$ cat model.pdb   # PDB, C-alpha atoms
ATOM      1  CA  MET A 770      -7.740 -22.576 -11.628
ATOM      2  CA  VAL A 771      -7.026 -23.833  -8.149
ATOM      3  CA  VAL A 772     -10.611 -23.342  -7.014
ATOM      4  CA  THR A 773     -12.200 -26.764  -6.949
ATOM      5  CA  LYS A 774     -15.801 -27.857  -6.559
ATOM      6  CA  ASP A 775     -15.071 -28.884  -2.957
ATOM      7  CA  MET A 776     -14.307 -25.312  -2.038
ATOM      8  CA  TYR A 777     -17.091 -23.273  -0.581
ATOM      9  CA  LEU A 778     -17.684 -20.019  -2.421
ATOM     10  CA  PRO A 779     -20.510 -17.679  -1.442
ATOM     11  CA  THR A 780     -23.138 -17.204  -4.118
ATOM     12  CA  GLU A 781     -23.639 -14.029  -6.075
ATOM     13  CA  GLU A 782     -26.710 -13.085  -3.996
ATOM     14  CA  GLU A 783     -24.859 -13.480  -0.722
ATOM     15  CA  LEU A 784     -22.178 -11.131  -1.946
ATOM     16  CA  THR A 785     -24.349  -8.451  -3.480
ATOM     17  CA  VAL A 786     -24.939  -5.456  -1.274
ATOM     18  CA  GLU A 787     -25.248  -1.789  -2.011
ATOM     19  CA  GLU A 788     -21.722  -0.514  -2.587
ATOM     20  CA  VAL A 789     -20.491   2.959  -1.813
ATOM     21  CA  PRO A 790     -20.745   4.839  -5.114
ATOM     22  CA  LEU A 791     -17.995   7.388  -4.459
ATOM     23  CA  SER A 792     -14.763   8.188  -6.242
ATOM     24  CA  SER A 793     -11.333   8.866  -4.768
ATOM     25  CA  ALA A 794     -11.767  12.535  -3.919
ATOM     26  CA  PRO A 795     -14.875  12.226  -1.717
ATOM     27  CA  LEU A 796     -13.557   9.050  -0.105
ATOM     28  CA  ARG A 797     -10.369  10.849   0.752
ATOM     29  CA  ALA A 798     -12.204  13.935   1.900
ATOM     30  CA  GLY A 799     -14.303  11.883   4.281
ATOM     31  CA  ALA A 800     -11.598   9.410   5.292
ATOM     32  CA  PHE A 801     -10.703  10.786   8.715
ATOM     33  CA  HIS A 802     -14.259  11.260   9.931
ATOM     34  CA  TYR A 803     -15.398   8.007   8.360
ATOM     35  CA  GLY A 804     -12.618   6.128  10.155
ATOM     36  CA  LYS A 805     -13.777   7.550  13.453
ATOM     37  CA  PHE A 806     -17.480   6.946  12.762
ATOM     38  CA  CYS A 807     -17.022   3.292  11.751
ATOM     39  CA  GLU A 808     -14.019   2.521  13.912
ATOM     40  CA  ASN A 809     -15.523  -0.541  15.558
ATOM     41  CA  GLU A 810     -16.725  -2.134  12.320
ATOM     42  CA  ASN A 811     -13.443  -1.386  10.590
ATOM     43  CA  ASN A 812     -11.316  -2.846  13.366
ATOM     44  CA  GLU A 813     -13.514  -5.915  13.576
ATOM     45  CA  PHE A 814     -13.252  -6.498   9.848
ATOM     46  CA  MET A 815      -9.510  -5.908   9.628
ATOM     47  CA  LEU A 816      -8.855  -8.145  12.617
ATOM     48  CA  CYS A 817     -10.939 -10.928  11.081
ATOM     49  CA  ARG A 818      -9.342 -10.471   7.701
ATOM     50  CA  ASN A 819      -5.782 -10.543   9.025
ATOM     51  CA  GLU A 820      -6.320 -13.302  11.555
ATOM     52  CA  LEU A 821      -8.109 -15.733   9.271
ATOM     53  CA  ASN A 822      -6.524 -14.566   6.005
ATOM     54  CA  ASP A 823      -9.579 -15.783   4.131
ATOM     55  CA  PRO A 824     -12.005 -13.428   2.372
ATOM     56  CA  ARG A 825     -14.836 -15.958   2.604
ATOM     57  CA  LYS A 826     -14.923 -15.923   6.373
ATOM     58  CA  CYS A 827     -15.216 -12.184   6.776
ATOM     59  CA  ILE A 828     -18.102 -11.485   4.409
ATOM     60  CA  ASN A 829     -20.486 -10.425   7.154
ATOM     61  CA  GLU A 830     -17.938  -8.152   8.791
ATOM     62  CA  GLY A 831     -17.254  -6.637   5.382
ATOM     63  CA  LYS A 832     -20.958  -6.060   4.813
ATOM     64  CA  ALA A 833     -21.141  -4.320   8.177
ATOM     65  CA  VAL A 834     -18.286  -2.057   7.106
ATOM     66  CA  THR A 835     -20.024  -1.139   3.866
ATOM     67  CA  ALA A 836     -23.354  -0.597   5.601
ATOM     68  CA  CYS A 837     -21.696   1.665   8.138
ATOM     69  CA  ALA A 838     -19.963   3.595   5.369
ATOM     70  CA  MET A 839     -23.300   4.044   3.591
ATOM     71  CA  THR A 840     -24.824   5.373   6.804
ATOM     72  CA  PHE A 841     -21.926   7.743   7.317
ATOM     73  CA  PHE A 842     -21.930   9.182   3.824
ATOM     74  CA  ARG A 843     -25.728   9.486   3.843
ATOM     75  CA  ASN A 844     -25.494  11.438   7.066
ATOM     76  CA  VAL A 845     -22.848  13.650   5.532
ATOM     77  CA  LYS A 846     -25.055  14.209   2.538
ATOM     78  CA  ASN A 847     -27.951  15.224   4.731
ATOM     79  CA  LEU A 848     -26.077  17.455   7.115
ATOM     80  CA  CYS A 849     -22.853  18.749   5.579
ATOM     81  CA  GLU A 850     -23.234  18.290   1.863
ATOM     82  CA  LYS A 851     -22.099  21.759   0.828
ATOM     83  CA  GLU A 852     -18.963  21.740   2.967
ATOM     84  CA  PHE A 853     -18.126  18.186   1.984
ATOM     85  CA  VAL A 854     -18.454  18.776  -1.733
ATOM     86  CA  GLN A 855     -16.420  21.946  -1.436
ATOM     87  CA  TYR A 856     -13.629  20.143   0.382
ATOM     88  CA  SER A 857     -13.532  17.131  -1.915
ATOM     89  CA  ASN A 858     -13.585  19.442  -4.905
ATOM     90  CA  CYS A 859     -10.622  21.294  -3.466
ATOM     91  CA  LEU A 860      -8.724  18.055  -2.852
ATOM     92  CA  ASP A 861      -9.513  16.898  -6.340
ATOM     93  CA  LYS A 862      -8.370  20.014  -8.145
ATOM     94  CA  SER A 863      -5.581  21.482  -6.033
ATOM     95  CA  SER A 864      -2.928  18.875  -6.629
ATOM     96  CA  GLN A 865      -2.200  15.680  -8.475
ATOM     97  CA  ASN A 866      -2.271  13.422  -5.447
ATOM     98  CA  PHE A 867      -5.124  14.774  -3.317
ATOM     99  CA  ASP A 868      -2.737  16.671  -1.071
ATOM    100  CA  PHE A 869      -4.342  17.693   2.215
ATOM    101  CA  GLU A 870      -1.822  20.491   2.631
ATOM    102  CA  LYS A 871      -3.436  22.583  -0.080
ATOM    103  CA  CYS A 872      -6.946  22.579   1.385
ATOM    104  CA  ARG A 873      -6.664  23.610   5.013
ATOM    105  CA  ASN A 874      -9.307  26.325   4.777
ATOM    106  CA  THR A 875     -12.042  24.155   3.297
ATOM    107  CA  GLN A 876     -10.981  21.398   5.670
ATOM    108  CA  ALA A 877     -11.534  23.677   8.664
ATOM    109  CA  VAL A 878     -15.029  24.485   7.378
ATOM    110  CA  LEU A 879     -15.820  20.786   6.990
ATOM    111  CA  ASP A 880     -14.381  19.933  10.397
ATOM    112  CA  LYS A 881     -16.539  22.571  12.021
ATOM    113  CA  CYS A 882     -19.677  21.255  10.325
ATOM    114  CA  MET A 883     -18.828  17.663  11.245
ATOM    115  CA  ALA A 884     -18.184  18.609  14.852
ATOM    116  CA  ASP A 885     -21.334  20.725  15.163
ATOM    117  CA  LYS A 886     -23.878  18.656  13.286
ATOM    118  CA  MET A 887     -22.583  15.092  13.320
ATOM    119  CA  ASN A 888     -20.575  15.249  16.523
ATOM    120  CA  ILE A 889     -17.453  13.728  14.983
ATOM    121  CA  GLU A 890     -14.136  15.374  15.768
ATOM    122  CA  ARG A 891     -11.250  14.966  13.363
ATOM    123  CA  PRO A 892      -8.865  12.554  15.130
ATOM    124  CA  GLU A 893      -5.506  13.957  16.076
ATOM    125  CA  TYR A 894      -2.555  13.788  13.742
ATOM    126  CA  GLY A 895      -1.225  10.260  13.182
ATOM    127  CA  TYR A 896      -4.175   8.584  14.884
ATOM    128  CA  TYR A 897      -4.717   5.928  12.224
ATOM    129  CA  CYS A 898      -1.042   5.067  11.971
ATOM    130  CA  ARG A 899      -0.963   3.845  15.540
ATOM    131  CA  PRO A 900      -1.696   0.214  16.395
ATOM    132  CA  LYS A 901      -5.060  -0.330  18.032
ATOM    133  CA  VAL A 902      -6.308  -2.795  20.587
ATOM    134  CA  HIS A 903      -9.713  -4.138  19.617
ATOM    135  CA  ALA A 904     -12.011  -6.139  21.880
ATOM    136  CA  THR A 905     -14.002  -8.693  19.922
ATOM    137  CA  SER A 906     -16.386 -11.521  20.700
ATOM    138  CA  ARG A 907     -15.042 -13.685  17.877
ATOM    139  CA  PRO A 908     -12.940 -16.565  19.249
ATOM    140  CA  LYS A 909      -9.257 -16.540  18.491
ATOM    141  CA  PRO A 910      -8.368 -18.920  15.657
ATOM    142  CA  GLU A 911      -6.232 -21.875  16.604
ATOM    143  CA  PRO A 912      -2.636 -21.658  15.478
ATOM    144  CA  GLU A 913      -1.698 -24.066  12.739
ATOM    145  CA  LYS A 914      -0.411 -27.360  14.107
ATOM    146  CA  PRO A 915       2.852 -28.797  12.842
ATOM    147  CA  ALA A 916       2.332 -31.278  10.014
ATOM    148  CA  VAL A 917       2.322 -34.987  10.876
ATOM    149  CA  TYR A 918       3.432 -37.391   8.177
ATOM    150  CA  PRO A 919       2.482 -41.077   8.488
ATOM    151  CA  ASP A 920       5.625 -42.291   6.709
ATOM    152  CA  ALA A 921       8.091 -40.144   8.648
ATOM    153  CA  THR A 922      11.255 -41.899   9.838
ATOM    154  CA  PRO A 923      10.707 -43.000  13.473
ATOM    155  CA  TYR A 924      13.046 -41.721  16.150
ATOM    156  CA  LEU A 925      15.607 -44.044  17.774
ATOM    157  CA  PRO A 926      14.209 -45.604  20.936
ATOM    158  CA  ASP A 927      15.649 -44.043  24.095
ATOM    159  CA  ASP A 928      17.437 -47.251  25.141
ATOM    160  CA  ALA A 929      19.147 -47.870  21.795
ATOM    161  CA  PRO A 930      22.914 -48.312  22.233
ATOM    162  CA  ARG A 931      24.782 -45.155  21.363
ATOM    163  CA  THR A 932      28.304 -46.316  20.601
ATOM    164  CA  LYS A 933      31.178 -44.184  19.460
ATOM    165  CA  ALA A 934      31.325 -43.541  15.750
ATOM    166  CA  ASN A 935      33.567 -45.948  13.926
ATOM    167  CA  TYR A 936      35.508 -43.373  11.997
ATOM    168  CA  GLY A 937      35.593 -40.526  14.475
ATOM    169  CA  SER A 938      33.306 -37.568  14.775
ATOM    170  CA  ARG A 939      31.549 -36.222  11.726
ATOM    171  CA  LEU A 940      32.152 -32.809  13.191
ATOM    172  CA  TYR A 941      35.836 -33.300  12.597
ATOM    173  CA  TRP A 942      36.559 -29.640  12.919
ATOM    174  CA  PHE A 943      35.266 -29.779  16.519
ATOM    175  CA  ASN A 944      36.664 -33.025  17.865
TER     176      ASN A 944
ATOM    177  CA  MET B1368      57.572  73.354 -47.362
ATOM    178  CA  ALA B1369      56.758  72.919 -43.719
ATOM    179  CA  PRO B1370      59.656  72.344 -41.453
ATOM    180  CA  HIS B1371      60.267  68.876 -40.150
ATOM    181  CA  ILE B1372      58.899  68.147 -36.711
ATOM    182  CA  GLN B1373      60.544  65.269 -35.084
ATOM    183  CA  ASP B1374      58.206  62.873 -33.192
ATOM    184  CA  MET B1375      59.422  62.883 -29.688
ATOM    185  CA  PRO B1376      58.428  60.947 -26.540
ATOM    186  CA  PRO B1377      55.873  62.708 -24.340
ATOM    187  CA  GLU B1378      56.982  64.778 -21.450
ATOM    188  CA  GLY B1379      58.428  62.567 -18.767
ATOM    189  CA  GLY B1380      58.939  59.642 -21.102
ATOM    190  CA  TYR B1381      56.738  56.808 -22.226
ATOM    191  CA  GLN B1382      54.651  54.782 -19.762
ATOM    192  CA  LYS B1383      56.418  51.830 -18.369
ATOM    193  CA  ILE B1384      55.631  48.594 -20.159
ATOM    194  CA  ILE B1385      53.912  46.254 -17.680
ATOM    195  CA  PHE B1386      55.300  42.829 -18.061
ATOM    196  CA  GLU B1387      55.053  41.479 -14.498
ATOM    197  CA  ARG B1388      52.288  38.970 -13.670
ATOM    198  CA  ILE B1389      49.270  40.613 -12.100
ATOM    199  CA  PRO B1390      47.396  38.056 -10.012
ATOM    200  CA  ALA B1391      43.587  38.305  -9.767
ATOM    201  CA  LYS B1392      42.383  40.047  -6.694
ATOM    202  CA  SER B1393      41.675  37.481  -4.017
ATOM    203  CA  TYR B1394      38.612  38.091  -1.882
ATOM    204  CA  PHE B1395      38.824  35.058   0.361
ATOM    205  CA  GLY B1396      41.701  33.157   1.750
ATOM    206  CA  GLY B1397      41.736  29.408   2.205
ATOM    207  CA  TYR B1398      40.403  29.459   5.767
ATOM    208  CA  ALA B1399      37.582  31.812   4.820
ATOM    209  CA  MET B1400      36.641  29.510   1.920
ATOM    210  CA  ILE B1401      36.496  26.459   4.153
ATOM    211  CA  ALA B1402      34.510  28.319   6.760
ATOM    212  CA  GLY B1403      32.131  29.558   4.079
ATOM    213  CA  TYR B1404      31.664  26.061   2.716
ATOM    214  CA  LEU B1405      30.883  24.718   6.160
ATOM    215  CA  GLY B1406      28.506  27.583   6.867
ATOM    216  CA  ILE B1407      26.576  27.214   3.636
ATOM    217  CA  THR B1408      26.391  23.438   4.071
ATOM    218  CA  ALA B1409      25.081  23.837   7.589
ATOM    219  CA  GLY B1410      22.437  26.268   6.358
ATOM    220  CA  ALA B1411      21.437  23.929   3.544
ATOM    221  CA  CYS B1412      21.220  21.032   5.975
ATOM    222  CA  TYR B1413      18.880  23.020   8.139
ATOM    223  CA  LEU B1414      16.648  23.871   5.170
ATOM    224  CA  PHE B1415      16.706  20.234   4.125
ATOM    225  CA  TYR B1416      15.687  19.216   7.617
ATOM    226  CA  LEU B1417      12.750  21.622   7.591
ATOM    227  CA  ASN B1418      11.631  20.399   4.194
ATOM    228  CA  LYS B1419      11.997  16.754   5.083
ATOM    229  CA  ARG B1420      10.008  17.235   8.254
ATOM    230  CA  LYS B1421       7.188  18.811   6.274
ATOM    231  CA  VAL B1422       7.229  16.082   3.622
ATOM    232  CA  THR B1423       7.211  13.319   6.245
ATOM    233  CA  ARG B1424       4.330  15.002   8.003
ATOM    234  CA  GLU B1425       2.326  15.123   4.815
ATOM    235  CA  GLU B1426       3.163  11.527   3.980
ATOM    236  CA  ILE B1427       1.983  10.344   7.368
ATOM    237  CA  GLU B1428      -1.236  12.277   6.962
ATOM    238  CA  ALA B1429      -1.846  10.796   3.525
ATOM    239  CA  ARG B1430      -1.099   7.335   4.867
ATOM    240  CA  SER B1431      -3.520   7.873   7.742
ATOM    241  CA  ALA B1432      -6.284   8.651   5.271
ATOM    242  CA  LYS B1433      -5.459   5.534   3.286
ATOM    243  CA  ILE B1434      -5.483   3.369   6.395
ATOM    244  CA  ALA B1435      -8.793   4.842   7.498
ATOM    245  CA  ILE B1436     -10.461   4.068   4.186
ATOM    246  CA  HIS B1437      -8.739   0.723   3.610
ATOM    247  CA  PRO B1438     -11.335  -1.573   5.286
ATOM    248  CA  LEU B1439     -14.083  -0.139   3.110
ATOM    249  CA  LEU B1440     -12.101  -0.716  -0.079
ATOM    250  CA  LEU B1441     -10.955  -4.153   1.024
ATOM    251  CA  ALA B1442     -14.497  -5.282   1.881
ATOM    252  CA  GLU B1443     -15.717  -4.231  -1.549
ATOM    253  CA  ARG B1444     -12.723  -5.832  -3.244
ATOM    254  CA  ASP B1445     -13.224  -9.134  -1.385
ATOM    255  CA  ARG B1446     -16.828  -9.409  -2.479
ATOM    256  CA  GLU B1447     -16.023  -8.713  -6.108
ATOM    257  CA  PHE B1448     -13.051 -11.086  -5.952
ATOM    258  CA  LEU B1449     -15.189 -13.958  -4.653
ATOM    259  CA  LYS B1450     -17.850 -13.272  -7.245
ATOM    260  CA  GLN B1451     -15.209 -13.433  -9.936
ATOM    261  CA  LEU B1452     -13.825 -16.709  -8.561
ATOM    262  CA  ARG B1453     -17.273 -18.233  -8.863
ATOM    263  CA  ARG B1454     -17.645 -16.893 -12.384
ATOM    264  CA  ASN B1455     -14.264 -18.357 -13.289
ATOM    265  CA  ARG B1456     -15.180 -21.737 -11.849
ATOM    266  CA  ASP B1457     -18.477 -21.808 -13.722
ATOM    267  CA  GLU B1458     -16.727 -20.733 -16.887
ATOM    268  CA  GLU B1459     -14.138 -23.463 -16.548
ATOM    269  CA  GLU B1460     -16.839 -26.047 -15.997
ATOM    270  CA  LYS B1461     -18.664 -24.915 -19.108
ATOM    271  CA  LEU B1462     -15.489 -24.763 -21.191
ATOM    272  CA  MET B1463     -14.206 -28.197 -20.195
ATOM    273  CA  ALA B1464     -17.579 -29.959 -20.199
ATOM    274  CA  ASN B1465     -16.624 -32.100 -23.196
ATOM    275  CA  VAL B1466     -13.244 -33.210 -21.892
ATOM    276  CA  ASP B1467     -13.297 -36.711 -20.451
ATOM    277  CA  GLY B1468     -12.383 -36.988 -16.812
ATOM    278  CA  TRP B1469     -11.913 -33.267 -16.290
ATOM    279  CA  GLU B1470     -12.553 -32.038 -12.792
ATOM    280  CA  VAL B1471     -12.764 -28.337 -12.152
ATOM    281  CA  GLY B1472      -9.772 -26.920 -10.300
ATOM    282  CA  THR B1473      -7.643 -30.022 -10.810
ATOM    283  CA  TYR B1474      -5.813 -31.677 -13.642
ATOM    284  CA  LYS B1475      -8.082 -34.672 -14.325
ATOM    285  CA  GLY B1476      -8.617 -35.239 -10.633
ATOM    286  CA  GLU B1477      -5.091 -34.455  -9.522
ATOM    287  CA  PRO B1478      -5.230 -31.406  -7.258
ATOM    288  CA  ILE B1479      -2.579 -28.710  -7.207
ATOM    289  CA  TYR B1480      -2.226 -28.700  -3.433
ATOM    290  CA  LYS B1481      -2.215 -32.144  -1.834
ATOM    291  CA  THR B1482      -1.309 -31.683   1.811
ATOM    292  CA  ILE B1483      -3.781 -28.962   2.750
ATOM    293  CA  PRO B1484      -7.467 -29.354   3.695
ATOM    294  CA  LYS B1485      -9.780 -29.258   0.701
ATOM    295  CA  ASP B1486     -11.631 -26.166   1.819
ATOM    296  CA  LYS B1487      -8.586 -24.037   2.577
ATOM    297  CA  PHE B1488      -8.525 -20.826   0.640
ATOM    298  CA  ILE B1489      -5.432 -20.070  -1.396
ATOM    299  CA  ASP B1490      -5.231 -17.008  -3.587
ATOM    300  CA  PRO B1491      -5.012 -18.154  -7.194
ATOM    301  CA  MET B1492      -2.165 -16.858  -9.331
ATOM    302  CA  TYR B1493      -3.256 -13.858 -11.309
ATOM    303  CA  ASN B1494      -2.505 -15.701 -14.538
ATOM    304  CA  GLU B1495      -5.164 -18.227 -13.609
ATOM    305  CA  TYR B1496      -7.482 -15.607 -12.234
ATOM    306  CA  TYR B1497      -7.405 -13.787 -15.575
ATOM    307  CA  ALA B1498      -7.461 -16.982 -17.654
ATOM    308  CA  HIS B1499     -10.918 -16.355 -19.095
ATOM    309  CA  SER B1500     -10.633 -12.598 -19.502
ATOM    310  CA  SER B1501      -9.337 -10.599 -22.411
ATOM    311  CA  TYR B1502      -5.625 -10.151 -22.968
ATOM    312  CA  TRP B1503      -5.775  -6.452 -22.142
ATOM    313  CA  ASP B1504      -7.364  -7.013 -18.750
ATOM    314  CA  TRP B1505      -4.611  -9.469 -17.986
ATOM    315  CA  ALA B1506      -1.936  -7.097 -19.258
ATOM    316  CA  LYS B1507      -3.245  -4.290 -17.081
ATOM    317  CA  ARG B1508      -2.806  -6.474 -14.040
ATOM    318  CA  ALA B1509       0.491  -7.997 -15.142
ATOM    319  CA  HIS B1510       2.107  -4.682 -15.974
ATOM    320  CA  LEU B1511       0.599  -2.860 -13.055
ATOM    321  CA  LYS B1512       3.938  -1.742 -11.740
ATOM    322  CA  PHE B1513       4.882  -0.040 -14.981
ATOM    323  CA  TRP B1514       2.018   2.382 -14.607
ATOM    324  CA  THR B1515       2.008   3.201 -10.943
TER     325      THR B1515
END
$ encode --input "model.pdb" --output "C-alpha cells"
Amino acid sequence: MVVTKDMYLPTEEELTVEEVPLSSAPLRAGAFHYGKFCENENNEFMLCRNELNDPRKCINEGKAVTACAMTFFRNVKNLCEKEFVQYSNCLDKSSQNFDFEKCRNTQAVLDKCMADKMNIERPEYGYYCRPKVHATSRPKPEPEKPAVYPDATPYLPDDAPRTKANYGSRLYWFN
Amino acid sequence: MAPHIQDMPPEGGYQKIIFERIPAKSYFGGYAMIAGYLGITAGACYLFYLNKRKVTREEIEARSAKIAIHPLLLAERDREFLKQLRRNRDEEEKLMANVDGWEVGTYKGEPIYKTIPKDKFIDPMYNEYYAHSSYWDWAKRAHLKFWT
C-alpha cells in the first residue's frame, strides 16, 4: 500500500468517538432539522475537508460534527421522540426510496414539535442546495506552488543573439 | 298431383346487386387529423411539464436531505477509513517481516510517489486498500456500480 511509515496516521484511540447509532430512515427524517441545528459545525468541517482534501487534518472538525449530531438526536429523543419515530417509520415504509412526498402529514406533526419544543424551523425549500458563505478562523491554505526541477533546461539569456532561422520559419504555414 | 307453381321474382323485381365500392365512413378530414394531433400533443406536453416539475421538486428535496446529512456521514467514514489504513499498514508490516529489505508502503525502499512531500496524503487505490481483506469484501467494492 502507498501508506508508508513516514506518513502520520492518527491512532485508534484518537479516532474513536461515540458514533451516531442510527439507520437511514431516522437520519433522513431528521436531516433538515439536523442540518440547521449543526450548520456551523457542518460548514466548518466541509470547508476544511474540501480545502485541505486530507481526512487526517479534519479529525477534530469531524468529531465536532458527530458530537453535535449526538446532541441533536438526544434532544430529539427527549423532546419529540413520538413524532420523530412516527415520521421516520412513515418514511421507511411508504416508499422504496424514503420519499418525502408520501409523508407530509407526519412531517407537519414533527415540524410543529420541533418548532415548539426545540425551536428549530424546517429550512425553506432548496436551502441546502444553495452555496453558503462560511466565516472561519482557520487560515486559508496556501495554493500549491509550481514545481521547480533542479535539472530543468535553463532559459536563453536575454542578450543572446536571435538570428533568423537558417531554413525559414518552422511555422511555414504562417510565414 | 298439385299444380306446378313457377318460382317468380318478388314483386317489383329482385334487389339490385351492389357491386360499387363503398368507402368507410370518414369522421375526420386531413386538416382535422393534423389539428387533433397537434392538440393532443400540446396537452401531453403540458401533462409532461407538470409531472417533470413535480419530479424535479422531489429530487431537489431528496438531494437537500442528503447534503444536510453528508458531513455527519463523511466524518464517520473518514475516521473508519483512517483506522483501516493503520490496520492495513500494521498488517503489511507483520506479513512482510521476514522479507529482507522490505519497507512498508514502498517496494524495497523505492516509493510509489517520488516528487511529493513524504507526508502528503494520497488516497490508496481500492485494490490496495482491500489487499488484506477477503475476496468478497473486495468484490463488493469493485462491483459497487452493478448493484446501485
$ interface_residues --input "model.pdb" --of "chain B" --to "chain A" --cutoff "6 Å" --atoms "only C-alpha atoms" --output "list in words"
Ser1431, Ala1432, Ala1435, Ile1436, Pro1438, Ala1442, Asp1445, Arg1446, Lys1450, Val1471, Gly1472, Asp1486 and Glu1495 of chain B
$ atom_distance --input "model.pdb" --atom1 "atom CA of Thr875 of chain A" --atom2 "atom CA of Lys851 of chain A"
10.6 Å
$ resolve_selection --input "model.pdb" --expression "the PyMOL selection byres ((chain A and resi 880-888) around 8)" --output "list in words"
His802, Asn844, Val845, Leu848, Cys849, Glu852, Gln876, Ala877, Val878, Leu879, Ile889, Glu890 and Arg891 of chain A
$ resolve_selection --input "model.pdb" --expression "the PyMOL selection byres ((chain B and resi 1491) around 12)" --output "PyMOL selection string"
(chain A and resi 770-773) or (chain B and resi 1448-1449+1451-1452+1455-1456+1472+1479-1480+1487-1490+1492-1498)
$ resolve_selection --input "model.pdb" --expression "the PyMOL selection byres ((chain A and resi 905) around 10)" --output "PyMOL selection string"
chain A and resi 809+812-813+816-817+902-904+906-909
$ write_last_selection --input "model.pdb" --atoms "C-alpha atoms" --output "short mmCIF file (atom, residue, chain, number, x, y, z; two decimals), in the frame of the given file"
data_model
loop_
_atom_site.label_atom_id
_atom_site.label_comp_id
_atom_site.auth_asym_id
_atom_site.auth_seq_id
_atom_site.Cartn_x
_atom_site.Cartn_y
_atom_site.Cartn_z
CA ASN A 809 -15.52 -0.54 15.56
CA ASN A 812 -11.32 -2.85 13.37
CA GLU A 813 -13.51 -5.92 13.58
CA LEU A 816 -8.86 -8.14 12.62
CA CYS A 817 -10.94 -10.93 11.08
CA VAL A 902 -6.31 -2.80 20.59
CA HIS A 903 -9.71 -4.14 19.62
CA ALA A 904 -12.01 -6.14 21.88
CA SER A 906 -16.39 -11.52 20.70
CA ARG A 907 -15.04 -13.68 17.88
CA PRO A 908 -12.94 -16.57 19.25
CA LYS A 909 -9.26 -16.54 18.49
#
$ residues_near_point --input "model.pdb" --point "(5.9, 18.0, -2.3)" --cutoff "12 Å" --atoms "all atoms listed in the file" --output "mmCIF file with C-alpha atoms, in the frame of the given file"
data_model
loop_
_atom_site.group_PDB
_atom_site.id
_atom_site.type_symbol
_atom_site.label_atom_id
_atom_site.label_comp_id
_atom_site.auth_asym_id
_atom_site.auth_seq_id
_atom_site.Cartn_x
_atom_site.Cartn_y
_atom_site.Cartn_z
ATOM 1 C CA SER A 864 -2.928 18.875 -6.629
ATOM 2 C CA GLN A 865 -2.200 15.680 -8.475
ATOM 3 C CA ASN A 866 -2.271 13.422 -5.447
ATOM 4 C CA PHE A 867 -5.124 14.774 -3.317
ATOM 5 C CA ASP A 868 -2.737 16.671 -1.071
ATOM 6 C CA PHE A 869 -4.342 17.693 2.215
ATOM 7 C CA GLU A 870 -1.822 20.491 2.631
ATOM 8 C CA LYS A 871 -3.436 22.583 -0.080
ATOM 9 C CA ASN B 1418 11.631 20.399 4.194
ATOM 10 C CA LYS B 1419 11.997 16.754 5.083
ATOM 11 C CA ARG B 1420 10.008 17.235 8.254
ATOM 12 C CA LYS B 1421 7.188 18.811 6.274
ATOM 13 C CA VAL B 1422 7.229 16.082 3.622
ATOM 14 C CA THR B 1423 7.211 13.319 6.245
ATOM 15 C CA ARG B 1424 4.330 15.002 8.003
ATOM 16 C CA GLU B 1425 2.326 15.123 4.815
ATOM 17 C CA GLU B 1426 3.163 11.527 3.980
#
$ atom_distance --input "model.pdb" --atom1 "atom CA of Pro892 of chain A" --atom2 "atom CA of Lys862 of chain A"
24.4 Å
$ atom_distance --input "model.pdb" --atom1 "atom CA of Pro930 of chain A" --atom2 "atom CA of Val917 of chain A"
27.0 Å
